[in-house]
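Enquirer: Before we start, here is the structure in question, set down as structure tokens.
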Amino acid sequence: MLIRVSNNCVSLHVSSQSGVIVCILVEDWQMLTEYRHPVGIKKVFPDPNGTRLAFIDDKSDGFLLSPVAVNDSHIEIPSFSPTITGVLWETWPSDKGVFVSFDDDKVYTYAMHKNTIYGPRVVFVGSTKLPFSHKPLLLYNGELTCQTQSGKTSSVALSTHTFLTHTHSPSAHTHTFLTHTHSPGAHTHTPEELGKQLTQALMLKRFPEAWELCKVLGGPAGWAEMGRSCLIHMEVELAVRVFRMSGNVGMVMSLQGIKGIEDRSLLAGHLAMFLNDYNLAQDLYLESSCPNTALEMRRDLQHWDSALMLAKRLAEDQIPFISKEYAVQLEFIGDYVNALSHYEKGMTHNNKEHDEACQGGVARMSIRMGDIRRGAAQAISHPSRGLKKDCGVILENMKQFSEAAQLYEKGQYYDKAASVYIRCKNWSKVGELLPQVSSPKIHLQYAKAKEVDGKFKEAAQAYESARDWDNVIRVLLDHLNNPEDAVRIVRETQSIDGAKMVARFFLRLSDYGSAIQFLVLSHCNDEAFQLAQQHGQMDSYADIISSEATQEDYQSMALYFQGENKHLQAGRFFHKCGQYSKALKHFLKCPNTDDNLAIEMAIETVGQAKDESLTNELIDYLMGESDGMPKDPKYLFRLYMGLLQYREAACTAIIIAREEQSAGNYRTAHDVLFSMYTELQTQKIRIPAEMNTNLMILHSYILVKIHVKRGEHLNAARMLIRVSNNISKFPSHIVPILTSAVIECHRAGLRNSSFSFAAMLMRPEYRHKIDPKYRKKIEAMVRRPDTSEIEEETTPCPYCGFTLPQCELICPGCKNNLPYCIATGHHMLKEDWSVCPHCEFPALYSQLILLLETDSVCPMCSETLSVNQVEKMDDCSSFLQPDQSEH
């Protein structure tokens with residue numbers, strides 16, 4: 001048989017009997033290739049270019065041959081019917097690998113895929129029923145031209161090309177995509193039909209049409225199918241686009257990593273791996289220029305048997321590392337025998353970290369296999385603490401407690417070691433480890449064991465380490481007779497049960513006071529009350545429970561003290577439970593020995609009660625109307641302060657200050673008036689004029705000592721003149737004050753003032769009281785009077801600017817009482833104003849700064865004061881309110 005193909009000047013010579021196919025170049029009449037088939041050949045069907053041919057042998061099997069290929073590759077055509085009578089090749093230029101075989105009933109479509117990861121192959125696409133008596137003549141783009149029985153031609157659309165529709169024109173053949181159309185009456189395909197069309201397009205390697213179909217389908221399944229087909233056909237660029245459309249980021253990144261590979265086998269191996277065909281991937285890797293990639297793949301997949309076989313061929317130095325990884329997996333699944341074997345094979349003897357991991361595995365597996373001595377020895381000699389713990393856990397689960405505890409101890413897991421030693425009753429080892437043990441549970445177990453053995457001191461220490469305070473207290477009291485430490489622990493821990501135990505201990509010793517104290521601490525108030533009542537310890541009970549008692553407790557104690565005629569205690573507890581009337585009656589019944597405290601508590605009771613009748617009752621008592629004995633006015637003052645009756649308190653304060661002043665207690669009188677003054681200012685109540693004047697005179701007296709101490713005799717003389725002009729307010733020290741005035745005025749050059757006061761001292765009622773060492777000098781001053789006087793310096797009034805003597809405190813111009821300086825006693829000046837930050841009394845800034853250089857307290861309030869705390873005020877208008885006192 002001779003077949004001539006003129007386009008390429010190729011002819012085929014076929015010997016049907018011998019099964020030989022010879023390819024001859026007609027132009028030179030030279031043989032190109034020769035193919036020998038095992039059996040005879042019946043028919044040959046070359047493609048239009050002569051580069052491929054399909055043939056049918058004597059067994060009616062079909063094959064595809066590429067005679068111009070280097071290796072004369074031939075492929076058996078799958079699903080080839082024995083009734084096939086002919087083959088037609090696709091004549092459309094873009095579909096050269098497609099052909100059909102036909103018999104009398106059907107047409108079978110095949111696609112030749114030359115470049116796939118599986119190598120060249122032929123794929124059966126599908127079959128199409130052939131109309132009766134139609135003989136296929138030509139195949140073009142899925143359209144089969146047939147000759148009918150009458151000799152005419154007819155077109156048949158292949159069912160494998162349903163994604164195409166055909167139109168004919170005189171000049172050319174065109175095709176259009178019809179999977180979706182919007183024209184009226186157009187057929188809408190179901191998702192199942194579209195999926196079938198996508199499969200056909202991919203089998204025919206029609207990727208543009210497949211792309212459009214995936215867009216119509218819209219779901220990820222279509223893109224995934226197309227992506228898989230691209231991988232099979234090694235279309236990497238297109239696969240990247242497809243997987244990007246489906247959102248498969250991992251696959252996109254993996255494909256971008258292999259895009260530049262030129263080795264076809266290596267590239268195909270990667271693609272086969274992405275398709276999970278690992279055996280094919282391994283074969284392809286081994287054919288490539290990088291066979292070690294197959295080993296890496298098997299290791300990544302943890303296919304250890306395959307990895308070891310490959311390592312023997314490709315990289316024997318990797319066998320120990322693979323064996324170690326394999327052993328880890330075998331240990332995890334419980335195959336300890338093989339895990340031990342592979343750990344032993346994993347030793348390299350030159351990689352310390354790796355070998356230590358293998359030694360650890362050998363130790364664990366030896367223990368699990370029953371070779372405890374070997375495993376424990378290796379674990380002890382191994383540097384890893386974690387290995388000792390792991391082996392200890394294995395041994396503990398195997399109930400090998402002694403060996404497990406030893407490993408825990410070597411690994412410095414002292415809590416675990418002590419716990420296991422307890423399980424095997426090795427108390428001596430527990431005692432050795434106890435200082436390093438932090439678990440309270442272990443200390444508690446050890447304490448119980450020591451208590452059973454009668455070693456109570458060690459038991460108490462262990463209970464304390466376990467923070468089991470109740471048991472510590474019990475052992476200290478019941479066995480060690482050590483109440484001191486028990487009491488200390490109860491006070492530190494506030495243990496209720498411990499307090500009960502201590503209370504029972506003291507009760508046995510008849511120490512009722514201590515027993516009551518700890519009963520209260522354990523919240524057993526009823527028991528403590530009964531015990532106090534029985535043994536006359538109610539005073540102790542009251543002192544102990546006072547801060548934590550309930551209203552019922554207070555009432556019970558009040559009634560008890562009432563029955564015992566202890567009025568102060570009864571009144572105190574009636575006051576605490578809110579029964580103010582009863583409390584006041586008991587306070588007023590107190591004997592004189594308790595008078596001061598009783599009155600103080602009576603004042604507090606009335607202040608809290610806010611009851612007018614109780615207030616009047618107490619006032620009558622303080623005024624002496626109830627018993628004819630007036631009480632100290634200070635109590636009345638405190639009562640008015642407690643009742644917030646500040647005006648009455650101010651009047652009382654004046655009386656108190658007057659009595660203190662008459663008794664010569666000038667500082668006390670000053671402090672009483674000052675405190676009342678500041679309280680009235682705080683409450684924004686007008687200051688009584690008498691209080692203001694008395695405070696000013698007393699403060700002037702106090703300033704005398706300050707000026708004399710600092711050597712400022714003129715200022716001291718001016719203040720003594722002010723005090724001496726009010727000498728009736730100092731009845732206890734008339735002569736000493738006048739004597740001081742005579743001396744200071746004489747020393748300061750105020751001779752006329754000195755003479756005046758000396759003349760006063762010469763009066764019969766004072767003369768004999770003069771200190772003998774001053775008497776002759778004073779008499780001489782009177783006999784030879786000197787009326788010279790230094791004129792007092794004048795300064796402006798801070799209100800109206802009228803010029804007046806600096807010690808004058810009433811302005812003749814505006815008639816205002818002028819604020820005075822607490823440092824000098826002079827009236828204040830606008831341009832030299834400051835205040836004490838504590839009491840807010842005014843002071844001349846320049847003079848207060850000088851005073852604070854030697855003294856560190858405020859002369860008015862006696863609070864600590866430094867130069868840095870005093871600030872000069874530019875605006876003092878808020879302090880210049882006309883006449884703040886009552887007249």
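Within each chain, counting starts at residue 1; across the structure tokens, chains are named A, B, ... in the order shown, with ligands numbered 1 upward in that order.
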Taking 4 positions as the minimum chain separation for residues in the same chain, which residues sit within 9 Å of A:Val393 when counting only C-alpha atoms? Answer as a ChimeraX atom specification.

Expert: /A:388-389,397-398,404,408

Enquirer: Taking the DSSP secondary structure from the backbone, can you list the residues of stretch 173-392 of chain A that are helix (DSSP H, G or I), as a ChimeraX atom specification?

Expert: /A:191-203,207-217,220-232,236-246,249-258,264-274,278-287,292-300,304-314,316-333,336-345,352-368,372-381,385-392

Enquirer: Counting only C-alpha atoms, which residue out of A:Glu863, A:Met828, A:Arg775, A:Ser740 sits closest to A:Thr795?

Expert: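 Among the listed residues, A:Met828 lies closest to A:Thr795.
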
Enquirer: Using only C-alpha atoms for the distances, tell me which of A:Tyr413, A:Tyr108, A:Tyr845, A:Phe757 is nearest to A:Thr824.

Expert: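 The answer is A:Tyr845, which sits nearest to A:Thr824.
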